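Asker: What follows is query-v6.json; its format and atoms are JSON, C-alpha atoms.
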[["chain", "number", "residue", "atom", "x", "y", "z"],
["L", 120, "MET", "CA", 115.17, -121.82, -33.42],
["L", 121, "SER", "CA", 111.73, -120.19, -33.34],
["L", 122, "ARG", "CA", 111.32, -116.77, -34.89],
["L", 123, "HIS", "CA", 109.42, -114.41, -32.64],
["L", 124, "PHE", "CA", 109.57, -111.16, -34.62],
["L", 125, "ALA", "CA", 109.36, -112.52, -38.17],
["L", 126, "ALA", "CA", 105.60, -112.43, -38.75],
["L", 127, "ALA", "CA", 104.09, -109.00, -38.21],
["L", 128, "PRO", "CA", 102.10, -108.07, -36.31],
["L", 129, "PHE", "CA", 103.14, -109.95, -33.20],
["L", 130, "LEU", "CA", 102.23, -109.40, -29.56],
["L", 131, "ILE", "CA", 104.35, -109.18, -26.42],
["L", 132, "ALA", "CA", 102.04, -109.16, -23.39],
["L", 133, "GLY", "CA", 101.73, -110.09, -19.74],
["L", 134, "PRO", "CA", 101.86, -108.60, -16.26],
["L", 135, "CYS", "CA", 104.51, -106.08, -15.26],
["L", 136, "VAL", "CA", 106.16, -108.39, -12.74],
["L", 137, "VAL", "CA", 106.03, -112.11, -12.06],
["L", 138, "GLU", "CA", 103.28, -112.73, -9.50],
["L", 139, "SER", "CA", 101.63, -115.90, -8.16],
["L", 140, "ASP", "CA", 101.39, -119.01, -10.31],
["L", 141, "ASP", "CA", 97.62, -118.65, -10.38],
["L", 142, "LEU", "CA", 97.79, -115.14, -11.80],
["L", 143, "ASN", "CA", 100.68, -115.84, -14.18],
["L", 144, "LEU", "CA", 98.90, -118.88, -15.61],
["L", 145, "ARG", "CA", 95.55, -117.11, -15.84],
["L", 146, "VAL", "CA", 97.14, -114.38, -17.94],
["L", 147, "GLY", "CA", 99.22, -116.84, -19.96],
["L", 148, "GLU", "CA", 96.29, -119.09, -20.79],
["L", 149, "THR", "CA", 94.20, -116.10, -21.85],
["L", 150, "LEU", "CA", 97.02, -114.89, -24.10],
["L", 151, "ALA", "CA", 97.48, -118.32, -25.66],
["L", 152, "GLU", "CA", 93.76, -118.48, -26.46],
["L", 153, "LEU", "CA", 93.85, -114.94, -27.83],
["L", 154, "GLY", "CA", 96.80, -115.69, -30.08],
["L", 155, "ALA", "CA", 95.04, -118.74, -31.52],
["L", 156, "LYS", "CA", 91.81, -116.80, -32.01],
["L", 157, "LEU", "CA", 93.43, -113.80, -33.71],
["L", 158, "GLY", "CA", 96.10, -115.74, -35.56],
["L", 159, "ILE", "CA", 99.09, -113.84, -34.16],
["L", 160, "HIS", "CA", 102.32, -114.90, -32.50],
["L", 161, "VAL", "CA", 102.23, -114.11, -28.77],
["L", 162, "VAL", "CA", 105.18, -113.85, -26.37],
["L", 163, "PHE", "CA", 104.38, -113.88, -22.64],
["L", 164, "LYS", "CA", 106.28, -111.20, -20.73],
["L", 165, "ALA", "CA", 106.88, -110.62, -17.04],
["L", 166, "SER", "CA", 109.85, -109.29, -15.09],
["L", 167, "TYR", "CA", 111.44, -111.26, -12.27],
["L", 168, "ASP", "CA", 112.98, -108.04, -10.97],
["L", 169, "LYS", "CA", 112.04, -104.42, -11.62],
["L", 170, "ALA", "CA", 115.44, -103.06, -10.68],
["L", 171, "ASN", "CA", 114.77, -99.49, -11.81],
["L", 172, "ARG", "CA", 111.87, -98.51, -9.57],
["L", 173, "SER", "CA", 111.64, -94.89, -8.46],
["L", 174, "ARG", "CA", 111.62, -95.64, -4.73],
["L", 175, "LEU", "CA", 113.63, -98.05, -2.59],
["L", 176, "ALA", "CA", 110.52, -99.65, -1.07],
["L", 177, "ALA", "CA", 108.73, -100.16, -4.41],
["L", 178, "PRO", "CA", 107.81, -103.79, -5.23],
["L", 179, "ARG", "CA", 110.41, -105.37, -7.48],
["L", 180, "GLY", "CA", 109.23, -108.92, -8.05],
["L", 181, "PRO", "CA", 110.33, -112.34, -6.76],
["L", 182, "GLY", "CA", 113.96, -112.18, -7.92],
["L", 183, "VAL", "CA", 115.97, -114.20, -10.42],
["L", 184, "ASP", "CA", 115.61, -117.77, -9.11],
["L", 185, "ARG", "CA", 111.93, -117.79, -8.15],
["L", 186, "GLY", "CA", 110.96, -115.57, -11.06],
["L", 187, "LEU", "CA", 112.61, -117.73, -13.69],
["L", 188, "ARG", "CA", 111.07, -120.89, -12.26],
["L", 189, "ALA", "CA", 107.65, -119.22, -12.42],
["L", 190, "LEU", "CA", 108.22, -118.18, -16.04],
["L", 191, "GLU", "CA", 109.25, -121.72, -16.89],
["L", 192, "ARG", "CA", 105.95, -122.99, -15.48],
["L", 193, "VAL", "CA", 104.04, -120.53, -17.68],
["L", 194, "ARG", "CA", 105.89, -121.71, -20.77],
["L", 195, "ASP", "CA", 105.34, -125.38, -19.93],
["L", 196, "ALA", "CA", 101.64, -124.92, -19.19],
["L", 197, "THR", "CA", 100.70, -122.64, -22.10],
["L", 198, "GLY", "CA", 103.25, -123.37, -24.81],
["L", 199, "LEU", "CA", 103.95, -119.65, -25.13],
["L", 200, "PRO", "CA", 107.51, -118.37, -25.46],
["L", 201, "VAL", "CA", 108.49, -116.12, -22.56],
["L", 202, "LEU", "CA", 110.30, -112.79, -22.34],
["L", 203, "THR", "CA", 111.92, -111.18, -19.33],
["L", 204, "ASP", "CA", 114.17, -108.20, -18.57],
["L", 205, "VAL", "CA", 117.82, -108.54, -17.69],
["L", 206, "HIS", "CA", 119.51, -105.72, -15.82],
["L", 207, "ASP", "CA", 123.04, -106.99, -15.39],
["L", 208, "VAL", "CA", 125.53, -109.10, -17.32],
["L", 209, "SER", "CA", 125.61, -111.57, -14.41],
["L", 210, "GLN", "CA", 121.92, -112.40, -14.99],
["L", 211, "VAL", "CA", 122.13, -113.15, -18.71],
["L", 212, "ALA", "CA", 123.18, -116.83, -18.62],
["L", 213, "ASP", "CA", 120.53, -117.82, -16.06],
["L", 214, "ALA", "CA", 117.79, -115.88, -17.83],
["L", 215, "ALA", "CA", 118.73, -117.37, -21.21],
["L", 216, "ARG", "CA", 118.30, -120.90, -19.86],
["L", 217, "VAL", "CA", 114.57, -120.17, -19.41],
["L", 218, "ALA", "CA", 113.59, -117.15, -21.51],
["L", 219, "ASP", "CA", 113.06, -117.34, -25.26],
["L", 220, "VAL", "CA", 113.46, -113.56, -25.53],
["L", 221, "LEU", "CA", 115.74, -111.34, -23.45],
["L", 222, "GLN", "CA", 114.76, -107.71, -23.01],
["L", 223, "VAL", "CA", 117.01, -104.74, -22.28],
["L", 224, "PRO", "CA", 115.11, -102.07, -20.32],
["L", 225, "ALA", "CA", 114.97, -98.54, -21.70],
["L", 226, "PHE", "CA", 117.21, -97.08, -19.00],
["L", 227, "LEU", "CA", 119.94, -99.58, -19.96],
["L", 228, "CYS", "CA", 119.72, -99.29, -23.74],
["L", 229, "ARG", "CA", 123.25, -97.89, -24.06],
["L", 230, "GLN", "CA", 125.01, -100.31, -21.67],
["L", 231, "THR", "CA", 127.57, -101.86, -23.98],
["L", 232, "ASP", "CA", 128.53, -104.89, -21.88],
["L", 233, "LEU", "CA", 124.90, -105.82, -21.27],
["L", 234, "LEU", "CA", 123.91, -105.39, -24.92],
["L", 235, "VAL", "CA", 126.78, -107.53, -26.17],
["L", 236, "ALA", "CA", 126.09, -110.16, -23.50],
["L", 237, "VAL", "CA", 122.43, -110.57, -24.43],
["L", 238, "GLY", "CA", 123.51, -110.76, -28.06],
["L", 239, "ARG", "CA", 125.80, -113.68, -27.22],
["L", 240, "ALA", "CA", 123.08, -115.60, -25.36],
["L", 241, "ASN", "CA", 121.65, -117.15, -28.55],
["L", 242, "ARG", "CA", 118.20, -115.79, -27.78],
["L", 243, "ALA", "CA", 115.96, -113.26, -29.47],
["L", 244, "VAL", "CA", 116.51, -109.79, -28.00],
["L", 245, "ASN", "CA", 114.15, -106.84, -27.58],
["L", 246, "VAL", "CA", 115.76, -103.48, -26.76],
["L", 247, "LYS", "CA", 113.57, -100.73, -25.34],
["L", 248, "LYS", "CA", 114.35, -97.26, -26.71],
["L", 249, "GLY", "CA", 115.50, -94.91, -23.97],
["L", 250, "GLN", "CA", 113.05, -92.13, -23.19],
["L", 251, "TRP", "CA", 115.76, -89.58, -24.04],
["L", 252, "MET", "CA", 116.92, -91.26, -27.28],
["L", 253, "ALA", "CA", 116.19, -90.24, -30.84],
["L", 254, "ALA", "CA", 115.24, -93.05, -33.18],
["L", 255, "ASP", "CA", 118.47, -92.81, -35.17],
["L", 256, "ALA", "CA", 120.54, -93.01, -31.99],
["L", 257, "MET", "CA", 119.24, -96.52, -31.32],
["L", 258, "ALA", "CA", 121.26, -97.84, -34.25],
["L", 259, "GLY", "CA", 124.31, -98.00, -31.99],
["L", 260, "SER", "CA", 122.47, -100.05, -29.38],
["L", 261, "ILE", "CA", 121.26, -102.54, -31.95],
["L", 262, "GLU", "CA", 124.74, -102.73, -33.45],
["L", 263, "LYS", "CA", 126.08, -103.87, -30.07],
["L", 264, "VAL", "CA", 123.47, -106.64, -29.79],
["L", 265, "ARG", "CA", 124.11, -107.69, -33.37],
["L", 266, "ALA", "CA", 127.86, -107.83, -32.67],
["L", 267, "GLY", "CA", 127.09, -110.39, -29.96],
["L", 268, "GLY", "CA", 125.43, -112.60, -32.56],
["L", 269, "ALA", "CA", 121.76, -112.45, -31.55],
["L", 270, "PRO", "CA", 119.66, -114.53, -33.95],
["L", 271, "GLU", "CA", 116.78, -112.06, -33.88],
["L", 272, "ILE", "CA", 116.39, -108.47, -32.64],
["L", 273, "ALA", "CA", 113.55, -105.97, -32.20],
["L", 274, "VAL", "CA", 113.53, -102.39, -30.93],
["L", 275, "THR", "CA", 110.64, -100.95, -28.94],
["L", 276, "GLU", "CA", 109.31, -97.40, -28.89],
["L", 277, "ARG", "CA", 107.95, -96.39, -25.49],
["L", 278, "GLY", "CA", 107.76, -92.61, -25.78],
["L", 279, "THR", "CA", 110.07, -89.68, -25.14],
["L", 280, "PHE", "CA", 110.28, -87.49, -22.05],
["L", 281, "PHE", "CA", 108.01, -84.46, -22.33],
["L", 282, "GLY", "CA", 108.76, -82.17, -19.41],
["L", 283, "TYR", "CA", 109.24, -83.81, -16.03],
["L", 284, "GLY", "CA", 106.27, -86.11, -15.66],
["L", 285, "ASP", "CA", 104.95, -87.16, -19.01],
["L", 286, "LEU", "CA", 105.86, -88.94, -22.25],
["L", 287, "VAL", "CA", 104.98, -88.25, -25.86],
["L", 288, "VAL", "CA", 105.04, -90.71, -28.76],
["L", 289, "ASP", "CA", 106.30, -89.60, -32.17],
["L", 290, "MET", "CA", 104.43, -91.83, -34.61],
["L", 291, "ARG", "CA", 107.12, -91.24, -37.24],
["L", 292, "ASN", "CA", 109.53, -93.25, -35.12],
["L", 293, "PHE", "CA", 108.37, -96.68, -36.27],
["L", 294, "ALA", "CA", 109.56, -96.01, -39.81],
["L", 295, "ARG", "CA", 112.65, -94.23, -38.50],
["L", 296, "LEU", "CA", 113.58, -97.01, -36.08],
["L", 297, "ARG", "CA", 113.12, -99.67, -38.72],
["L", 298, "ALA", "CA", 115.23, -97.72, -41.22],
["L", 299, "ALA", "CA", 117.99, -96.83, -38.75],
["L", 300, "CYS", "CA", 118.25, -100.19, -37.00],
["L", 301, "GLY", "CA", 117.20, -102.65, -39.68],
["L", 302, "VAL", "CA", 114.97, -104.58, -37.25],
["L", 303, "PRO", "CA", 111.22, -104.72, -36.49],
["L", 304, "ALA", "CA", 109.85, -101.76, -34.53],
["L", 305, "VAL", "CA", 107.47, -102.50, -31.65],
["L", 306, "PHE", "CA", 105.10, -100.14, -29.85],
["L", 307, "ASP", "CA", 104.91, -100.33, -26.06],
["L", 308, "ALA", "CA", 101.44, -98.87, -25.66],
["L", 309, "THR", "CA", 101.22, -99.21, -21.89],
["L", 310, "HIS", "CA", 104.55, -97.71, -20.83],
["L", 311, "SER", "CA", 104.05, -94.88, -23.30],
["L", 312, "VAL", "CA", 101.27, -93.50, -21.09],
["L", 313, "GLN", "CA", 103.34, -93.76, -17.92],
["L", 314, "GLN", "CA", 103.85, -90.67, -15.76],
["L", 315, "PRO", "CA", 107.15, -91.28, -13.97],
["L", 316, "GLY", "CA", 107.09, -90.36, -10.30],
["L", 317, "LEU", "CA", 103.56, -88.94, -10.38],
["L", 318, "GLY", "CA", 101.80, -91.85, -8.76],
["L", 319, "ARG", "CA", 101.16, -92.51, -5.10],
["L", 320, "ASP", "CA", 104.20, -92.12, -2.84],
["L", 321, "GLY", "CA", 106.41, -91.31, -5.81],
["L", 322, "ALA", "CA", 105.58, -94.43, -7.80],
["L", 323, "SER", "CA", 104.88, -94.19, -11.51],
["L", 324, "GLY", "CA", 101.44, -92.95, -12.43],
["L", 325, "GLY", "CA", 99.77, -93.27, -15.80],
["L", 326, "LEU", "CA", 96.88, -92.50, -18.09],
["L", 327, "ARG", "CA", 95.45, -95.86, -19.11],
["L", 328, "ASP", "CA", 92.59, -94.29, -21.08],
["L", 329, "PHE", "CA", 95.05, -93.13, -23.72],
["L", 330, "VAL", "CA", 96.34, -96.63, -24.50],
["L", 331, "PRO", "CA", 93.66, -97.46, -27.13],
["L", 332, "PRO", "CA", 94.04, -94.35, -29.34],
["L", 333, "LEU", "CA", 97.83, -94.52, -29.21],
["L", 334, "LEU", "CA", 97.77, -98.23, -30.01],
["L", 335, "TYR", "CA", 95.49, -97.70, -33.00],
["L", 336, "ALA", "CA", 97.63, -94.80, -34.22],
["L", 337, "ALA", "CA", 100.77, -96.94, -33.97],
["L", 338, "ALA", "CA", 99.04, -99.75, -35.86],
["L", 339, "ALA", "CA", 98.31, -97.33, -38.69],
["L", 340, "ALA", "CA", 101.74, -95.70, -38.50],
["L", 341, "GLY", "CA", 103.72, -98.87, -39.11],
["L", 342, "ALA", "CA", 104.48, -100.69, -35.85],
["L", 343, "ASP", "CA", 105.51, -104.29, -36.51],
["L", 344, "GLY", "CA", 104.47, -105.53, -33.09],
["L", 345, "PHE", "CA", 102.55, -104.48, -29.99],
["L", 346, "PHE", "CA", 103.74, -104.56, -26.38],
["L", 347, "LEU", "CA", 100.93, -104.45, -23.83],
["L", 348, "GLU", "CA", 101.07, -105.09, -20.11],
["L", 349, "THR", "CA", 97.87, -106.66, -18.85],
["L", 350, "HIS", "CA", 96.46, -107.82, -15.53],
["L", 351, "PRO", "CA", 93.13, -109.19, -14.25],
["L", 352, "ASP", "CA", 92.97, -106.39, -11.65],
["L", 353, "PRO", "CA", 95.39, -103.59, -12.60],
["L", 354, "ASP", "CA", 94.32, -101.25, -9.80],
["L", 355, "HIS", "CA", 95.60, -103.76, -7.25],
["L", 356, "ALA", "CA", 98.72, -104.87, -9.13],
["L", 357, "PRO", "CA", 102.06, -104.49, -7.32],
["L", 358, "SER", "CA", 103.67, -102.54, -10.17],
["L", 359, "ASP", "CA", 102.53, -100.24, -13.02],
["L", 360, "GLY", "CA", 98.87, -100.79, -12.32],
["L", 361, "ALA", "CA", 97.96, -97.33, -13.62],
["L", 362, "THR", "CA", 98.98, -98.25, -17.16],
["L", 363, "MET", "CA", 98.13, -101.94, -17.50],
["L", 364, "ILE", "CA", 95.12, -103.03, -19.55],
["L", 365, "PRO", "CA", 92.46, -105.10, -17.76],
["L", 366, "LEU", "CA", 92.79, -108.65, -19.04],
["L", 367, "ASP", "CA", 89.12, -108.89, -20.00],
["L", 368, "GLN", "CA", 89.48, -105.84, -22.29],
["L", 369, "LEU", "CA", 92.53, -107.08, -24.17],
["L", 370, "SER", "CA", 90.71, -109.08, -26.86],
["L", 371, "GLY", "CA", 88.54, -106.18, -27.97],
["L", 372, "LEU", "CA", 91.46, -103.76, -27.93],
["L", 373, "LEU", "CA", 93.64, -106.03, -30.04],
["L", 374, "GLY", "CA", 90.84, -106.84, -32.45],
["L", 375, "VAL", "CA", 90.51, -103.17, -33.36],
["L", 376, "ALA", "CA", 94.29, -102.67, -33.52],
["L", 377, "LEU", "CA", 94.74, -105.61, -35.90],
["L", 378, "ASP", "CA", 91.93, -104.34, -38.10],
["L", 379, "VAL", "CA", 93.55, -100.89, -38.28],
["L", 380, "TRP", "CA", 96.96, -102.49, -38.95],
["L", 381, "GLN", "CA", 95.59, -104.49, -41.89],
["L", 382, "ARG", "CA", 93.52, -101.66, -43.36],
["L", 383, "ALA", "CA", 96.51, -99.31, -43.28],
["L", 384, "ARG", "CA", 98.65, -101.80, -45.20],
["L", 385, "ASP", "CA", 95.90, -102.58, -47.68],
["L", 386, "ALA", "CA", 95.54, -98.84, -48.37],
["L", 387, "VAL", "CA", 99.27, -98.53, -49.10],
["L", 388, "ARG", "CA", 99.15, -101.44, -51.53],
["L", 389, "ALA", "CA", 96.00, -100.20, -53.29]]
In C-alpha cells, write the structure found in this file.
Answerer:
Amino acid sequence: MSRHFAAAPFLIAGPCVVESDDLNLRVGETLAELGAKLGIHVVFKASYDKANRSRLAAPRGPGVDRGLRALERVRDATGLPVLTDVHDVSQVADAARVADVLQVPAFLCRQTDLLVAVGRANRAVNVKKGQWMAADAMAGSIEKVRAGGAPEIAVTERGTFFGYGDLVVDMRNFARLRAACGVPAVFDATHSVQQPGLGRDGASGGLRDFVPPLLYAAAAAGADGFFLETHPDPDHAPSDGATMIPLDQLSGLLGVALDVWQRARDAVRA
C-alpha cells in the first residue's frame, strides 16, 4: 500500500468541494505537474459533501455517488491519490472503495464510532484538529483511529477559535501534536484564515492574504505537510472561496514554503 504521509513535506490540495469534471481535472493536472516539478508527494482533495455548512441553503457538493465517481475520474486521469471527507459511519465503506485517504472533519474529531470506522477501512486517515481542541487532547482521537487498524495516520492543525469570528494558529502545535499523537502534523493554511459565519448571508468568510505568512511560519515551525485548498477562480467558487488560493499562484507559494521548510531543518542540523 502506498504511503502518503511518510516523506515530508507532502501536500494535500484541491478545491473545497467536488465540482465539474473540467474544473476537477484542471486542478488535478496542475497539482500532478507541480508535484513532479517540486519533487513532493501530492494528494488531491475535494469533498463530495460539505455536511457542516453554517446555513441550510449553503452549497454542499454533488453527494456521495456522483462525488466519488468524479474523484475516481481525477485519480484515473492524473495518477494522483485522492482524499475526501466522511461525515458518517454509513459513508465509510463507499468512500474507501475510491479514496486513498479518508479525512475526518474538525467538527467530528471526537466521534468515536466514525474514528474507529475510518481506522478499519484500510486506508490512510487524516484527522482535522477541532477548533476548540488543545494539541494534547487530539491523542485520544488518534488512538481511536489507530485502534481501528489504520495503516497510516496524520493530524491536521487548522487553528483555534479566537472570539466568535476568527481563528488563531499556535505555531508550537506542530511539535506538540507530533509528540502527543505520534503521527505527522499537517498545517491547513487555508482553513486557518477562515472567519466562520462572517461571510455573505452567514457563510464563512476569510482572509486569504494571510495564507502565505502563516504557511511560511508553519514550514519553519515544523509542519510535516501542507493542506491548501485551491481553485482557478476562488471568488466564484461554490464553497470557501474567501480562503482558497488561486490555482495560478500555488506554484510560487509552495516554492517559497518548501525553501523555508528546508532552510529551517538545515539550520537545526548545523
Asker: Please tell me which residues are no farther than 7 Å from (114.5, -88.5, -19.6) in the file, counting only C-alpha atoms, and write them as a list in words.
Answerer: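 The distance filter leaves exactly Gln250, Trp251 and Phe280 of chain L.
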Asker: For atom CA of L:Thr197 and atom CA of L:Leu333, quote the distance in Å rounded to one decimal.
Answerer: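 Atom CA of L:Leu333 lies at a distance of 29.1 Å from atom CA of L:Thr197.
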Asker: Can you measure atom CA of L:Leu157 to atom CA of L:Leu326 for me? One decimal in Å is fine.
Answerer: 26.6 Å
Asker: Please build the interface table for stretch 264-376 of chain L against stretch 229-242 of chain L with a cut-off of 8 Å, listing for each qualifying residue the nearest atom pair and the distance in Å to one decimal; count all atoms listed in the file, order rows by chain and increasing number, and write it as CSV.
Answerer:
residue,atom,partner,partner_atom,distance
L:Val264,CA,L:Gly238,CA,4.5
L:Arg265,CA,L:Gly238,CA,6.2
L:Ala266,CA,L:Val235,CA,6.6
L:Gly267,CA,L:Gly238,CA,4.1
L:Gly268,CA,L:Gly238,CA,5.2
L:Ala269,CA,L:Gly238,CA,4.3
L:Pro270,CA,L:Asn241,CA,6.3
L:Glu271,CA,L:Arg242,CA,7.3
Asker: Generate the output file for the selected residues, C-alpha atoms, as a PDB file, in the frame of the given file.
Answerer:
ATOM      1  CA  VAL L 264     123.470-106.640 -29.790  1.00  0.00           C
ATOM      2  CA  ARG L 265     124.110-107.690 -33.370  1.00  0.00           C
ATOM      3  CA  ALA L 266     127.860-107.830 -32.670  1.00  0.00           C
ATOM      4  CA  GLY L 267     127.090-110.390 -29.960  1.00  0.00           C
ATOM      5  CA  GLY L 268     125.430-112.600 -32.560  1.00  0.00           C
ATOM      6  CA  ALA L 269     121.760-112.450 -31.550  1.00  0.00           C
ATOM      7  CA  PRO L 270     119.660-114.530 -33.950  1.00  0.00           C
ATOM      8  CA  GLU L 271     116.780-112.060 -33.880  1.00  0.00           C
TER       9      GLU L 271
END
Asker: Restricting the calculation to all atoms listed in the file: of L:Ala383, L:Leu366, L:Ala215, L:Val223, which residue gets closest to L:Leu150?
Answerer: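 Of all the options, L:Leu366 lies closest to L:Leu150.
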Asker: Taking 4 positions as the minimum chain separation for residues in the same chain, which residues sit within 6 Å of stretch 166-168 of chain L when counting all atoms listed in the file? Answer as a list in words.
Answerer: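 Residues near the query, excluding close chain neighbours: Val136, Val137, Arg179, Gly180, Pro181, Gly182, Val183, Gly186, Thr203 and Asp204 of chain L.
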Asker: What's the separation between atom CA of L:Ile272 and atom CA of L:Ala243, in Å to one decimal place?
Answerer: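 Atom CA of L:Ala243 lies at a distance of 5.8 Å from atom CA of L:Ile272.
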Asker: Pick the closest to L:Val305 from L:Gly282, L:Gly158, L:Gly147, L:Gly341: which is it, counting only C-alpha atoms?
Answerer: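 Smallest distance to L:Val305 is found for L:Gly341.
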Asker: Within 12 Å of (95.7, -104.4, -36.9), only C-alpha atoms: residues as a compact mmCIF listing (two decimals) with C-alpha atoms, keeping the file's coordinate frame?
Answerer:
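Contents of selection.txt, as written:
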# COMPACT_ATOMS: atom_id res chain seq x y z
CA ALA L 127 104.09 -109.00 -38.21
CA PRO L 128 102.10 -108.07 -36.31
CA PHE L 129 103.14 -109.95 -33.20
CA LEU L 130 102.23 -109.40 -29.56
CA LEU L 157 93.43 -113.80 -33.71
CA GLY L 158 96.10 -115.74 -35.56
CA ILE L 159 99.09 -113.84 -34.16
CA LEU L 334 97.77 -98.23 -30.01
CA TYR L 335 95.49 -97.70 -33.00
CA ALA L 336 97.63 -94.80 -34.22
CA ALA L 337 100.77 -96.94 -33.97
CA ALA L 338 99.04 -99.75 -35.86
CA ALA L 339 98.31 -97.33 -38.69
CA ALA L 340 101.74 -95.70 -38.50
CA GLY L 341 103.72 -98.87 -39.11
CA ALA L 342 104.48 -100.69 -35.85
CA ASP L 343 105.51 -104.29 -36.51
CA GLY L 344 104.47 -105.53 -33.09
CA PHE L 345 102.55 -104.48 -29.99
CA GLY L 371 88.54 -106.18 -27.97
CA LEU L 372 91.46 -103.76 -27.93
CA LEU L 373 93.64 -106.03 -30.04
CA GLY L 374 90.84 -106.84 -32.45
CA VAL L 375 90.51 -103.17 -33.36
CA ALA L 376 94.29 -102.67 -33.52
CA LEU L 377 94.74 -105.61 -35.90
CA ASP L 378 91.93 -104.34 -38.10
CA VAL L 379 93.55 -100.89 -38.28
CA TRP L 380 96.96 -102.49 -38.95
CA GLN L 381 95.59 -104.49 -41.89
CA ARG L 382 93.52 -101.66 -43.36
CA ALA L 383 96.51 -99.31 -43.28
CA ARG L 384 98.65 -101.80 -45.20
CA ASP L 385 95.90 -102.58 -47.68
Asker: Calculated over all atoms listed in the file, which of the candidates L:Ala214, L:Cys135, L:Val146, L:Val193 has the smallest distance to L:Ala361?
Answerer: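 Among the listed residues, the smallest separation from L:Ala361 belongs to L:Cys135.
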Asker: Set the distance at 12 Å and use only C-alpha atoms: which residues neighbour L:Glu148 once local chain neighbours fewer than 4 positions away are removed? I'd like the list as a list in words.
Answerer: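 Result of the neighbour search: Ala132, Gly133, Asp140, Asp141, Leu142, Asn143, Leu144, Glu152, Leu153, Gly154, Ala155, Val161, Val162, Phe163, Arg192, Val193, Arg194, Asp195, Ala196, Thr197, Gly198, Leu199 and Leu366 of chain L.
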Asker: Which polymer residues have any atom within 10 Å of an atom of L:Phe226, counting all atoms listed in the file, with same-chain residues fewer than 5 positions away left out, as a list in words?
Answerer: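 Those residues are Asn171, His206, Lys247, Lys248, Gly249, Gln250 and Trp251 of chain L.
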Asker: Each residue of stretch 167-279 of chain L with at least one atom at most 9 Å from stretch 292-299 of chain L should appear once, together with its nearest atom pair and the corresponding distance in Å (one decimal); atoms considered: only C-alpha atoms; ordering: chain, then increasing residue number; output as CSV.
Answerer:
residue,atom,partner,partner_atom,distance
L:Ala253,CA,L:Asn292,CA,8.5
L:Ala254,CA,L:Leu296,CA,5.2
L:Asp255,CA,L:Ala299,CA,5.4
L:Ala256,CA,L:Ala299,CA,8.2
L:Met257,CA,L:Leu296,CA,7.4
L:Ala258,CA,L:Ala299,CA,5.7
L:Val274,CA,L:Leu296,CA,7.4
L:Thr275,CA,L:Leu296,CA,8.7
L:Glu276,CA,L:Phe293,CA,7.5
Asker: Here is a test: counting all atoms listed in the file, which residue of L:Leu187, L:Ala273, L:Leu347, L:Ser260 is nearest to L:Gln222?
Answerer: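 That would be L:Ala273, the residue with the smallest distance to L:Gln222.
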Asker: Between L:Val244, L:Pro200, L:Ala126, L:Lys169, which residue has the minimum interatomic distance to L:Ala151, considering only C-alpha atoms?
Answerer: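 Closest candidate: L:Pro200.
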